[in-house]
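Peer 1: For reference, the structure I am asking about is given below.
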Amino acid sequence: MRVIVVGAGVVGTMHAWQAVERGHEVVQIERETEARGASLRNFGQIWVSGRAAGEELETALRARELWEEIGARVPKLGFRANGSLTPVRGALELAVAEAAVAREDAAARGHKLLTPAEARALNPALRGEFSAALYCERDAAVEPRTAQLALREELLKSPNYTFRPGREVREVIGSSAVRDDHGDVHSGDVVVLCTGAWLGGLVRELAGPELPVRRVRLQMMQTEPLGEPLTTSVADADSFRYYPAYRSGALDDLNSGQPQAETAARHKMQLLMVQRADGGLTIGDTHEYEHPFAFDTLEDPYDHLTEVVESLLGRPLPKIRRRWAGVYAQCTDPSRVVHRQRVRDGVWLVTGPGGRGMTCSPAIAETTANELGW
């Protein structure tokens, strides 16, 4: 079988990976020299802890297994089973963490409630004051800015894989062929469009104007090296408000009795923080849903994140090295992990994993391969 993959972000690259692993010939086409979208502008988290029960959690757990397997073969991914800690303060936040630990699927997530001393033994960099911490053993991380490069380097070892960068697909021809903006036609047995947040142009033409996917904008930042290990990923209790696994009566009480800080509420914020291989910290994020998106980044969210992080670390942040904004595609149906649609005979669109893209992409691609009979 010959598979044409359009898009070289993490979802597209994992589809190419699955096809090559199954012995198929793959041509992967990317309109940029390298993918520069949400697949690079994220935390690199393999985030199991907050996923909704059912298909979403099952997908995340399967993806976690696949990431670990691939990471063993491709060390440059920087895969590490670092787990996560969510420190909580006060009775209302603690009650949400206790409800999470009491869930039937808590063991599958590796959820445990730790005392401050136990949390600091696991992650000594957390010197701030907190009442307890929710630990998720199954969370992990990779290096987002280099993961696709590492995967492609491994894929290029196969004679069955060809990468065509700097080519925008403009047209689908008949069944299972595309024409790029160089005028070249790439024919195969199946075409998989993994175009990320690019939802106009050819995607709109094929899928129609009612595609159930929206674009979401976020802001993030990265610091200079911390100077010490941050041994787990770290979230704050605002993440409870964002992730579906924490919905409970206790969360309702938190939302009514302890509303978010004004800046956090206005920008729909949570703290997520991961240490990079060079020691710097990736910190975020915000969520903007209304179009048109702003073209600039705002300082108030960064000030809020800095205050929250410093209160958990009990020390000043290192100098901020870079700030950025990103846009990702998200299904508008929250029950769906990804939007997978046959838009023409032999042509499939796979998009809209939202903030789950980095976490779930290996399992999303595996499911596509299984459903298409690769």
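Convention: chains lettered A, B, ... in structure tokens order; per-chain residue numbering from 1; ligands numbered from 1 as shown.
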Excluding stretch 50-67 of chain A and residues on its chain fewer than 6 positions from it, collect all residues at most 8 Å away from it, counting only C-alpha atoms, and give them as a ChimeraX atom specification.
Peer 2: /A:79,105,138-140,240,243-246,335-337,359-364
Peer 1: Where in stretch 168-283 of chain A does DSSP assign strand (DSSP E or B), given as a compact mmCIF listing (two decimals) with N, CA, C and O atoms, in the first residue's frame?
Peer 2:
```txt
# COMPACT_ATOMS: atom_id res chain seq x y z
N VAL A 169 -0.36 21.27 -0.56
CA VAL A 169 -1.32 20.51 -1.36
C VAL A 169 -2.49 21.41 -1.70
O VAL A 169 -3.13 21.97 -0.82
N ARG A 170 -2.75 21.52 -3.00
CA ARG A 170 -3.80 22.43 -3.48
C ARG A 170 -5.04 21.72 -3.98
O ARG A 170 -6.11 22.31 -4.06
N GLU A 171 -4.91 20.44 -4.34
CA GLU A 171 -6.02 19.78 -5.02
C GLU A 171 -5.98 18.28 -4.75
O GLU A 171 -4.91 17.68 -4.69
N VAL A 172 -7.16 17.70 -4.57
CA VAL A 172 -7.31 16.25 -4.55
C VAL A 172 -7.80 15.84 -5.93
O VAL A 172 -8.78 16.38 -6.44
N ALA A 177 -5.16 10.75 -4.78
CA ALA A 177 -4.04 11.48 -5.36
C ALA A 177 -4.19 12.96 -5.03
O ALA A 177 -5.31 13.47 -4.90
N VAL A 178 -3.07 13.65 -4.87
CA VAL A 178 -3.08 15.08 -4.59
C VAL A 178 -2.09 15.78 -5.51
O VAL A 178 -1.11 15.20 -5.96
N ARG A 179 -2.38 17.06 -5.79
CA ARG A 179 -1.47 17.90 -6.55
C ARG A 179 -0.96 19.01 -5.63
O ARG A 179 -1.76 19.65 -4.92
N ASP A 180 0.36 19.23 -5.62
CA ASP A 180 0.92 20.28 -4.78
C ASP A 180 1.14 21.56 -5.58
O ASP A 180 0.88 21.62 -6.78
N VAL A 185 2.05 15.69 -8.89
CA VAL A 185 0.97 14.83 -8.43
C VAL A 185 1.56 13.67 -7.63
O VAL A 185 2.53 13.03 -8.06
N HIS A 186 0.97 13.43 -6.47
CA HIS A 186 1.40 12.33 -5.59
C HIS A 186 0.23 11.36 -5.49
O HIS A 186 -0.81 11.69 -4.92
N SER A 187 0.41 10.19 -6.03
CA SER A 187 -0.66 9.19 -6.08
C SER A 187 -0.40 8.08 -5.08
O SER A 187 0.75 7.70 -4.84
N VAL A 190 -4.26 5.61 -0.44
CA VAL A 190 -5.04 6.37 0.54
C VAL A 190 -4.31 7.67 0.83
O VAL A 190 -3.08 7.72 0.82
N VAL A 191 -5.08 8.72 1.06
CA VAL A 191 -4.54 10.03 1.46
C VAL A 191 -5.09 10.36 2.84
O VAL A 191 -6.30 10.24 3.07
N VAL A 192 -4.20 10.76 3.75
CA VAL A 192 -4.61 11.19 5.09
C VAL A 192 -4.19 12.63 5.27
O VAL A 192 -3.00 12.96 5.23
N LEU A 193 -5.17 13.51 5.46
CA LEU A 193 -4.93 14.93 5.65
C LEU A 193 -4.84 15.22 7.14
O LEU A 193 -5.85 15.12 7.86
N VAL A 213 -15.08 21.58 14.03
CA VAL A 213 -13.76 21.82 14.61
C VAL A 213 -13.57 23.32 14.72
O VAL A 213 -13.95 24.07 13.81
N ARG A 214 -13.02 23.77 15.83
CA ARG A 214 -12.72 25.18 16.01
C ARG A 214 -11.23 25.38 16.27
O ARG A 214 -10.53 24.42 16.63
N ARG A 215 -10.78 26.60 16.12
CA ARG A 215 -9.39 26.93 16.40
C ARG A 215 -9.31 27.59 17.78
O ARG A 215 -10.20 28.35 18.18
N VAL A 216 -8.24 27.28 18.51
CA VAL A 216 -8.02 27.80 19.86
C VAL A 216 -6.62 28.40 19.91
O VAL A 216 -5.66 27.78 19.45
N ARG A 217 -6.52 29.58 20.46
CA ARG A 217 -5.22 30.26 20.59
C ARG A 217 -4.75 30.21 22.03
O ARG A 217 -5.56 30.29 22.96
N LEU A 218 -3.44 30.11 22.23
CA LEU A 218 -2.87 30.07 23.58
C LEU A 218 -1.60 30.88 23.63
O LEU A 218 -0.99 31.19 22.61
N GLN A 219 -1.20 31.25 24.84
CA GLN A 219 0.08 31.91 25.09
C GLN A 219 0.90 31.06 26.06
O GLN A 219 0.35 30.48 27.01
N MET A 220 2.22 31.02 25.82
CA MET A 220 3.13 30.26 26.67
C MET A 220 4.46 30.99 26.78
O MET A 220 4.67 32.01 26.11
N MET A 221 5.35 30.47 27.60
CA MET A 221 6.68 31.05 27.73
C MET A 221 7.67 29.99 28.19
O MET A 221 7.28 28.91 28.65
N GLN A 222 8.95 30.32 28.04
CA GLN A 222 10.01 29.41 28.48
C GLN A 222 11.11 30.21 29.14
O GLN A 222 11.47 31.31 28.68
N THR A 223 11.67 29.67 30.22
CA THR A 223 12.69 30.37 30.99
C THR A 223 14.09 29.88 30.64
O THR A 223 14.28 28.87 29.96
N SER A 233 6.34 17.01 36.02
CA SER A 233 5.52 18.11 35.51
C SER A 233 4.71 18.66 36.68
O SER A 233 4.46 17.96 37.67
N VAL A 234 4.30 19.92 36.56
CA VAL A 234 3.56 20.57 37.65
C VAL A 234 2.35 21.28 37.06
O VAL A 234 2.44 21.93 36.01
N ALA A 235 1.22 21.16 37.75
CA ALA A 235 0.01 21.91 37.40
C ALA A 235 -0.47 22.63 38.66
O ALA A 235 0.00 22.35 39.77
N LEU A 272 0.42 24.92 33.69
CA LEU A 272 1.11 23.68 33.40
C LEU A 272 2.58 24.05 33.24
O LEU A 272 2.91 25.07 32.64
N MET A 273 3.46 23.20 33.75
CA MET A 273 4.89 23.52 33.72
C MET A 273 5.71 22.24 33.57
O MET A 273 5.48 21.26 34.29
N VAL A 274 6.64 22.26 32.62
CA VAL A 274 7.50 21.11 32.34
C VAL A 274 8.93 21.62 32.18
O VAL A 274 9.15 22.66 31.54
N GLN A 275 9.87 20.89 32.72
CA GLN A 275 11.27 21.25 32.52
C GLN A 275 11.78 20.65 31.22
O GLN A 275 11.55 19.47 30.92
N LEU A 281 12.22 26.03 31.83
CA LEU A 281 10.85 25.65 32.15
C LEU A 281 9.91 26.15 31.06
O LEU A 281 9.92 27.33 30.72
N THR A 282 9.08 25.26 30.52
CA THR A 282 7.99 25.65 29.65
C THR A 282 6.76 25.86 30.53
O THR A 282 6.38 24.96 31.29
N ILE A 283 6.15 27.05 30.42
CA ILE A 283 5.08 27.46 31.34
C ILE A 283 3.92 28.02 30.54
O ILE A 283 4.09 28.79 29.60
```
Peer 1: Could you jot down the atom CA of A:Ala107 to atom CA of A:Gly44 separation for me, Å, one decimal place?
Peer 2: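 So the answer is 23.3 Å.
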Peer 1: Of the residues A:Glu118, A:Asp278, A:Asp252, A:Leu211, which is the one nearest to A:Asp333, using only C-alpha atoms?
Peer 2: A:Leu211
Peer 1: Have a look at atom CA of A:Arg120 and atom CA of A:Gly314 and let me know their distance in Å, one decimal.
Peer 2: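 Calculated distance between atom CA of A:Arg120 and atom CA of A:Gly314 is 12.0 Å.
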Peer 1: Which one of A:Arg323, A:Glu30, A:Gly12, A:Thr351 sits closest to A:Asp181 if you count only C-alpha atoms?
Peer 2: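 With only C-alpha atoms as the atom set, the closest residue is A:Glu30.
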Peer 1: Choose the residue, out of A:Glu168, A:Asp189, A:Asp300, A:Glu143, that has the smallest atom-to-atom separation from A:Met358; count only C-alpha atoms.
Peer 2: A:Glu143
Peer 1: For A:Thr146, please output as a list in words all residues within 12 Å (counting only C-alpha atoms; exclusion window: fewer than 4 positions along the same chain).
Peer 2: Gly9, Val10, Glu34, Ala35, Arg36, Ser39, Leu40, Arg41, Asn42, Gly44, Val74, Pro75, Lys76, Leu77, Gly78, Phe79, Val142, Ala150, Leu151, Arg152, Glu153, Arg276 and Ala277 of chain A
Peer 1: Keeping only N, CA, C and O atoms, take the residues you just selected and write them out as a short mmCIF file (atom, residue, chain, number, x, y, z; two decimals), in the first residue's frame.
Peer 2:
```
data_model
loop_
_atom_site.label_atom_id
_atom_site.label_comp_id
_atom_site.auth_asym_id
_atom_site.auth_seq_id
_atom_site.Cartn_x
_atom_site.Cartn_y
_atom_site.Cartn_z
N GLY A 9 3.09 17.72 11.28
CA GLY A 9 3.02 17.88 12.72
C GLY A 9 3.02 16.51 13.39
O GLY A 9 3.22 15.48 12.74
N VAL A 10 2.77 16.49 14.69
CA VAL A 10 2.88 15.23 15.40
C VAL A 10 1.81 14.23 14.97
O VAL A 10 2.08 13.03 14.89
N GLU A 34 9.65 22.80 7.75
CA GLU A 34 9.35 21.90 8.86
C GLU A 34 8.05 22.38 9.49
O GLU A 34 7.73 23.57 9.41
N ALA A 35 7.33 21.48 10.13
CA ALA A 35 6.11 21.89 10.83
C ALA A 35 6.45 22.93 11.89
O ALA A 35 7.45 22.82 12.61
N ARG A 36 5.59 23.96 11.98
CA ARG A 36 5.87 25.07 12.90
C ARG A 36 4.64 25.43 13.74
O ARG A 36 4.60 26.49 14.36
N SER A 39 2.25 21.52 17.17
CA SER A 39 3.06 20.35 17.54
C SER A 39 4.39 20.74 18.16
O SER A 39 5.00 19.95 18.88
N LEU A 40 4.86 21.98 17.88
CA LEU A 40 6.08 22.48 18.50
C LEU A 40 5.77 23.42 19.65
O LEU A 40 6.56 23.55 20.57
N ARG A 41 4.62 24.09 19.58
CA ARG A 41 4.31 25.15 20.54
C ARG A 41 3.48 24.61 21.69
O ARG A 41 2.40 25.13 22.02
N ASN A 42 3.94 23.54 22.30
CA ASN A 42 3.20 22.93 23.41
C ASN A 42 4.17 22.52 24.51
O ASN A 42 5.37 22.79 24.43
N GLY A 44 4.93 19.44 25.47
CA GLY A 44 5.56 18.13 25.35
C GLY A 44 5.05 17.16 26.40
O GLY A 44 5.70 16.16 26.69
N VAL A 74 13.87 5.70 19.88
CA VAL A 74 14.31 7.02 19.42
C VAL A 74 14.65 7.87 20.64
O VAL A 74 13.84 8.68 21.08
N PRO A 75 15.84 7.70 21.20
CA PRO A 75 16.19 8.43 22.43
C PRO A 75 16.10 9.95 22.29
O PRO A 75 15.85 10.65 23.27
N LYS A 76 16.28 10.47 21.07
CA LYS A 76 16.24 11.92 20.88
C LYS A 76 14.84 12.51 21.12
O LYS A 76 14.71 13.73 21.20
N LEU A 77 13.83 11.67 21.22
CA LEU A 77 12.52 12.18 21.62
C LEU A 77 12.56 12.80 23.00
O LEU A 77 11.74 13.65 23.34
N GLY A 78 13.49 12.34 23.82
CA GLY A 78 13.55 12.82 25.20
C GLY A 78 12.42 12.32 26.05
O GLY A 78 12.02 12.98 27.02
N PHE A 79 11.88 11.12 25.74
CA PHE A 79 10.78 10.59 26.55
C PHE A 79 11.25 10.33 27.97
O PHE A 79 12.32 9.77 28.22
N VAL A 142 7.92 14.59 26.51
CA VAL A 142 8.92 14.52 25.45
C VAL A 142 9.34 15.96 25.14
O VAL A 142 8.81 16.91 25.72
N ALA A 150 13.21 14.19 15.41
CA ALA A 150 13.76 12.89 15.81
C ALA A 150 12.99 11.75 15.17
O ALA A 150 13.59 10.77 14.71
N LEU A 151 11.67 11.86 15.13
CA LEU A 151 10.87 10.82 14.50
C LEU A 151 11.18 10.74 13.00
O LEU A 151 11.30 9.65 12.44
N ARG A 152 11.33 11.90 12.36
CA ARG A 152 11.61 11.88 10.93
C ARG A 152 13.00 11.30 10.65
O ARG A 152 13.19 10.57 9.66
N GLU A 153 13.95 11.62 11.48
CA GLU A 153 15.29 11.05 11.31
C GLU A 153 15.23 9.53 11.33
O GLU A 153 15.91 8.86 10.55
N ARG A 276 12.47 21.45 30.44
CA ARG A 276 13.06 21.01 29.19
C ARG A 276 14.41 20.35 29.42
O ARG A 276 14.98 20.43 30.51
N ALA A 277 14.92 19.71 28.38
CA ALA A 277 16.18 18.99 28.49
C ALA A 277 17.33 19.91 28.86
O ALA A 277 18.30 19.49 29.52
#
```
Peer 1: A:Gln330, A:Thr367, A:Thr162, A:Gln270: which is nearest A:Leu199, counting only C-alpha atoms?
Peer 2: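 Once distances to A:Leu199 are computed over only C-alpha atoms, the minimum belongs to A:Gln330.
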Peer 1: Determine the nearest neighbour of A:Asn370 from the options A:Ile29, A:Ala19, A:Val308, A:Val11, counting only C-alpha atoms.
Peer 2: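 Using only C-alpha atoms, the shortest distance to A:Asn370 belongs to A:Ala19.
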Peer 1: Would you return as a list in words the members of stretch 270-356 of chain A that DSSP assigns to alpha helix (DSSP H) on this structure's backbone?
Peer 2: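 Residues of stretch 270-356 of chain A classed as alpha helix (DSSP H): Glu299, Asp300, Pro301, Tyr302, Asp303, His304, Leu305, Thr306, Glu307, Val308, Val309, Glu310, Ser311, Leu312 and Leu313 of chain A.
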Peer 1: Identify, on the basis of only C-alpha atoms, every residue whose closest approach to A:Val20 does not exceed 12 Å; exclude the query and any residue fewer than 2 positions from it along the same chain; express the result as a PDB file with N, CA and C atoms, in the first residue's frame.
Peer 2:
```
ATOM      1  N   MET A   1       0.847  -1.193   0.000  1.00  0.00           N
ATOM      2  CA  MET A   1       0.000   0.000   0.000  1.00  0.00           C
ATOM      3  C   MET A   1       0.883   1.244   0.000  1.00  0.00           C
ATOM      4  N   ARG A   2       0.432   2.276  -0.697  1.00  0.00           N
ATOM      5  CA  ARG A   2       1.129   3.557  -0.734  1.00  0.00           C
ATOM      6  C   ARG A   2       0.240   4.591  -0.048  1.00  0.00           C
ATOM      7  N   VAL A   3       0.763   5.213   1.007  1.00  0.00           N
ATOM      8  CA  VAL A   3       0.011   6.149   1.832  1.00  0.00           C
ATOM      9  C   VAL A   3       0.580   7.552   1.618  1.00  0.00           C
ATOM     10  N   ILE A   4      -0.299   8.504   1.311  1.00  0.00           N
ATOM     11  CA  ILE A   4       0.091   9.910   1.203  1.00  0.00           C
ATOM     12  C   ILE A   4      -0.383  10.613   2.475  1.00  0.00           C
ATOM     13  N   VAL A   5       0.559  11.133   3.250  1.00  0.00           N
ATOM     14  CA  VAL A   5       0.228  11.868   4.481  1.00  0.00           C
ATOM     15  C   VAL A   5       0.494  13.340   4.229  1.00  0.00           C
ATOM     16  N   THR A  13       2.904  12.960  11.501  1.00  0.00           N
ATOM     17  CA  THR A  13       4.118  12.149  11.604  1.00  0.00           C
ATOM     18  C   THR A  13       3.832  10.801  12.233  1.00  0.00           C
ATOM     19  N   MET A  14       2.915  10.762  13.199  1.00  0.00           N
ATOM     20  CA  MET A  14       2.551   9.478  13.786  1.00  0.00           C
ATOM     21  C   MET A  14       1.774   8.606  12.801  1.00  0.00           C
ATOM     22  N   HIS A  15       1.004   9.209  11.908  1.00  0.00           N
ATOM     23  CA  HIS A  15       0.358   8.414  10.853  1.00  0.00           C
ATOM     24  C   HIS A  15       1.410   7.842   9.909  1.00  0.00           C
ATOM     25  N   ALA A  16       2.403   8.642   9.566  1.00  0.00           N
ATOM     26  CA  ALA A  16       3.490   8.123   8.729  1.00  0.00           C
ATOM     27  C   ALA A  16       4.222   6.991   9.449  1.00  0.00           C
ATOM     28  N   TRP A  17       4.437   7.166  10.737  1.00  0.00           N
ATOM     29  CA  TRP A  17       5.120   6.144  11.539  1.00  0.00           C
ATOM     30  C   TRP A  17       4.345   4.830  11.511  1.00  0.00           C
ATOM     31  N   GLN A  18       3.038   4.910  11.757  1.00  0.00           N
ATOM     32  CA  GLN A  18       2.220   3.706  11.772  1.00  0.00           C
ATOM     33  C   GLN A  18       2.262   2.996  10.422  1.00  0.00           C
ATOM     34  N   ARG A  22       4.009  -0.729   9.509  1.00  0.00           N
ATOM     35  CA  ARG A  22       3.196  -1.826   8.974  1.00  0.00           C
ATOM     36  C   ARG A  22       3.625  -2.249   7.570  1.00  0.00           C
ATOM     37  N   GLY A  23       4.776  -1.707   7.136  1.00  0.00           N
ATOM     38  CA  GLY A  23       5.358  -2.150   5.875  1.00  0.00           C
ATOM     39  C   GLY A  23       4.886  -1.432   4.641  1.00  0.00           C
ATOM     40  N   HIS A  24       4.217  -0.284   4.801  1.00  0.00           N
ATOM     41  CA  HIS A  24       3.682   0.422   3.649  1.00  0.00           C
ATOM     42  C   HIS A  24       4.653   1.506   3.170  1.00  0.00           C
ATOM     43  N   GLU A  25       4.478   1.918   1.946  1.00  0.00           N
ATOM     44  CA  GLU A  25       5.243   3.028   1.384  1.00  0.00           C
ATOM     45  C   GLU A  25       4.540   4.327   1.748  1.00  0.00           C
ATOM     46  N   VAL A  26       5.308   5.322   2.182  1.00  0.00           N
ATOM     47  CA  VAL A  26       4.731   6.578   2.660  1.00  0.00           C
ATOM     48  C   VAL A  26       5.407   7.761   1.978  1.00  0.00           C
ATOM     49  N   VAL A  27       4.582   8.696   1.499  1.00  0.00           N
ATOM     50  CA  VAL A  27       5.056  10.012   1.082  1.00  0.00           C
ATOM     51  C   VAL A  27       4.396  11.026   2.005  1.00  0.00           C
ATOM     52  N   GLN A  28       5.207  11.777   2.739  1.00  0.00           N
ATOM     53  CA  GLN A  28       4.687  12.787   3.661  1.00  0.00           C
ATOM     54  C   GLN A  28       4.992  14.169   3.097  1.00  0.00           C
ATOM     55  N   LEU A 151      11.669  11.861  15.129  1.00  0.00           N
ATOM     56  CA  LEU A 151      10.867  10.824  14.496  1.00  0.00           C
ATOM     57  C   LEU A 151      11.181  10.736  13.000  1.00  0.00           C
ATOM     58  N   ARG A 152      11.326  11.899  12.361  1.00  0.00           N
ATOM     59  CA  ARG A 152      11.614  11.880  10.927  1.00  0.00           C
ATOM     60  C   ARG A 152      12.997  11.295  10.648  1.00  0.00           C
ATOM     61  N   GLU A 154      14.398   8.986  12.203  1.00  0.00           N
ATOM     62  CA  GLU A 154      14.244   7.535  12.262  1.00  0.00           C
ATOM     63  C   GLU A 154      13.477   7.027  11.037  1.00  0.00           C
ATOM     64  N   LEU A 155      12.421   7.737  10.634  1.00  0.00           N
ATOM     65  CA  LEU A 155      11.648   7.324   9.468  1.00  0.00           C
ATOM     66  C   LEU A 155      12.499   7.300   8.198  1.00  0.00           C
ATOM     67  N   LEU A 156      13.412   8.257   8.071  1.00  0.00           N
ATOM     68  CA  LEU A 156      14.231   8.354   6.866  1.00  0.00           C
ATOM     69  C   LEU A 156      15.202   7.187   6.718  1.00  0.00           C
ATOM     70  N   LYS A 157      15.356   6.393   7.760  1.00  0.00           N
ATOM     71  CA  LYS A 157      16.175   5.188   7.655  1.00  0.00           C
ATOM     72  C   LYS A 157      15.473   4.112   6.819  1.00  0.00           C
ATOM     73  N   SER A 158      14.164   4.275   6.637  1.00  0.00           N
ATOM     74  CA  SER A 158      13.394   3.287   5.877  1.00  0.00           C
ATOM     75  C   SER A 158      13.367   3.666   4.399  1.00  0.00           C
ATOM     76  N   PRO A 159      13.608   2.737   3.501  1.00  0.00           N
ATOM     77  CA  PRO A 159      13.482   3.027   2.069  1.00  0.00           C
ATOM     78  C   PRO A 159      12.042   3.274   1.646  1.00  0.00           C
ATOM     79  N   ASN A 160      11.095   2.961   2.524  1.00  0.00           N
ATOM     80  CA  ASN A 160       9.676   3.142   2.211  1.00  0.00           C
ATOM     81  C   ASN A 160       9.156   4.535   2.535  1.00  0.00           C
ATOM     82  N   TYR A 161      10.019   5.414   3.055  1.00  0.00           N
ATOM     83  CA  TYR A 161       9.552   6.736   3.513  1.00  0.00           C
ATOM     84  C   TYR A 161      10.202   7.844   2.697  1.00  0.00           C
ATOM     85  N   THR A 162       9.374   8.782   2.239  1.00  0.00           N
ATOM     86  CA  THR A 162       9.840   9.961   1.512  1.00  0.00           C
ATOM     87  C   THR A 162       9.201  11.198   2.128  1.00  0.00           C
ATOM     88  N   ALA A 365      -3.262   7.789  15.504  1.00  0.00           N
ATOM     89  CA  ALA A 365      -2.750   7.232  14.249  1.00  0.00           C
ATOM     90  C   ALA A 365      -2.954   5.723  14.189  1.00  0.00           C
ATOM     91  N   GLU A 366      -2.763   5.041  15.309  1.00  0.00           N
ATOM     92  CA  GLU A 366      -2.976   3.598  15.349  1.00  0.00           C
ATOM     93  C   GLU A 366      -4.433   3.262  15.027  1.00  0.00           C
ATOM     94  N   ALA A 369      -5.051   3.676  11.324  1.00  0.00           N
ATOM     95  CA  ALA A 369      -4.477   2.552  10.592  1.00  0.00           C
ATOM     96  C   ALA A 369      -5.344   1.306  10.721  1.00  0.00           C
ATOM     97  N   TRP A 374      -4.849  -0.894   7.304  1.00  0.00           N
ATOM     98  CA  TRP A 374      -3.458  -0.863   6.854  1.00  0.00           C
ATOM     99  C   TRP A 374      -2.738  -2.128   7.279  1.00  0.00           C
TER     100      TRP A 374
END
```
Peer 1: Any idea what's packed within 12 Å of A:Asp253, counting only C-alpha atoms, ignoring anything in its chain fewer than 4 positions away? Could you give it as an MDAnalysis selection string?
Peer 2: chainID A and resid 91:96 240:241 247:249 257:259
Peer 1: Next, write the just-selected residues to a file, as an mmCIF file, in the first residue's frame, keeping N, CA and C atoms as the atom set.
Peer 2:
```
data_model
loop_
_atom_site.group_PDB
_atom_site.id
_atom_site.type_symbol
_atom_site.label_atom_id
_atom_site.label_comp_id
_atom_site.auth_asym_id
_atom_site.auth_seq_id
_atom_site.Cartn_x
_atom_site.Cartn_y
_atom_site.Cartn_z
ATOM 1 N N ALA A 91 -9.230 23.746 51.821
ATOM 2 C CA ALA A 91 -10.153 22.614 51.860
ATOM 3 C C ALA A 91 -10.861 22.375 50.527
ATOM 4 N N LEU A 92 -11.205 23.431 49.803
ATOM 5 C CA LEU A 92 -11.962 23.259 48.565
ATOM 6 C C LEU A 92 -11.117 22.598 47.478
ATOM 7 N N GLU A 93 -9.879 23.037 47.314
ATOM 8 C CA GLU A 93 -8.995 22.404 46.329
ATOM 9 C C GLU A 93 -8.669 20.977 46.748
ATOM 10 N N LEU A 94 -8.445 20.769 48.036
ATOM 11 C CA LEU A 94 -8.146 19.436 48.540
ATOM 12 C C LEU A 94 -9.297 18.468 48.264
ATOM 13 N N ALA A 95 -10.523 18.942 48.407
ATOM 14 C CA ALA A 95 -11.685 18.077 48.176
ATOM 15 C C ALA A 95 -11.746 17.598 46.728
ATOM 16 N N VAL A 96 -11.356 18.450 45.781
ATOM 17 C CA VAL A 96 -11.345 18.033 44.373
ATOM 18 C C VAL A 96 -10.293 16.950 44.160
ATOM 19 N N PHE A 240 -7.868 21.804 37.486
ATOM 20 C CA PHE A 240 -9.070 21.053 37.835
ATOM 21 C C PHE A 240 -10.293 21.604 37.090
ATOM 22 N N ARG A 241 -10.311 22.920 36.895
ATOM 23 C CA ARG A 241 -11.446 23.567 36.239
ATOM 24 C C ARG A 241 -11.457 23.288 34.734
ATOM 25 N N ARG A 247 -14.386 16.790 37.089
ATOM 26 C CA ARG A 247 -15.756 17.256 37.307
ATOM 27 C C ARG A 247 -16.411 16.456 38.420
ATOM 28 N N SER A 248 -16.956 17.157 39.397
ATOM 29 C CA SER A 248 -17.545 16.514 40.574
ATOM 30 C C SER A 248 -18.279 17.572 41.383
ATOM 31 N N GLY A 249 -18.978 17.118 42.379
ATOM 32 C CA GLY A 249 -19.588 18.073 43.293
ATOM 33 C C GLY A 249 -18.547 18.923 43.986
ATOM 34 N N GLY A 257 -17.211 28.586 45.490
ATOM 35 C CA GLY A 257 -16.649 29.111 46.734
ATOM 36 C C GLY A 257 -15.295 29.749 46.591
ATOM 37 N N GLN A 258 -14.593 29.466 45.506
ATOM 38 C CA GLN A 258 -13.250 30.005 45.315
ATOM 39 C C GLN A 258 -13.038 30.254 43.815
ATOM 40 N N PRO A 259 -13.650 31.293 43.300
ATOM 41 C CA PRO A 259 -13.502 31.573 41.864
ATOM 42 C C PRO A 259 -12.040 31.827 41.495
#
```
Peer 1: Measuring atom to atom with only C-alpha atoms, identify which of A:Leu202, A:Ala141, A:Leu305, A:Ala197 is nearest to A:Thr286.
Peer 2: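 Checking each of A:Leu202, A:Ala141, A:Leu305, A:Ala197 against A:Thr286, counting only C-alpha atoms, the winner is A:Leu305.
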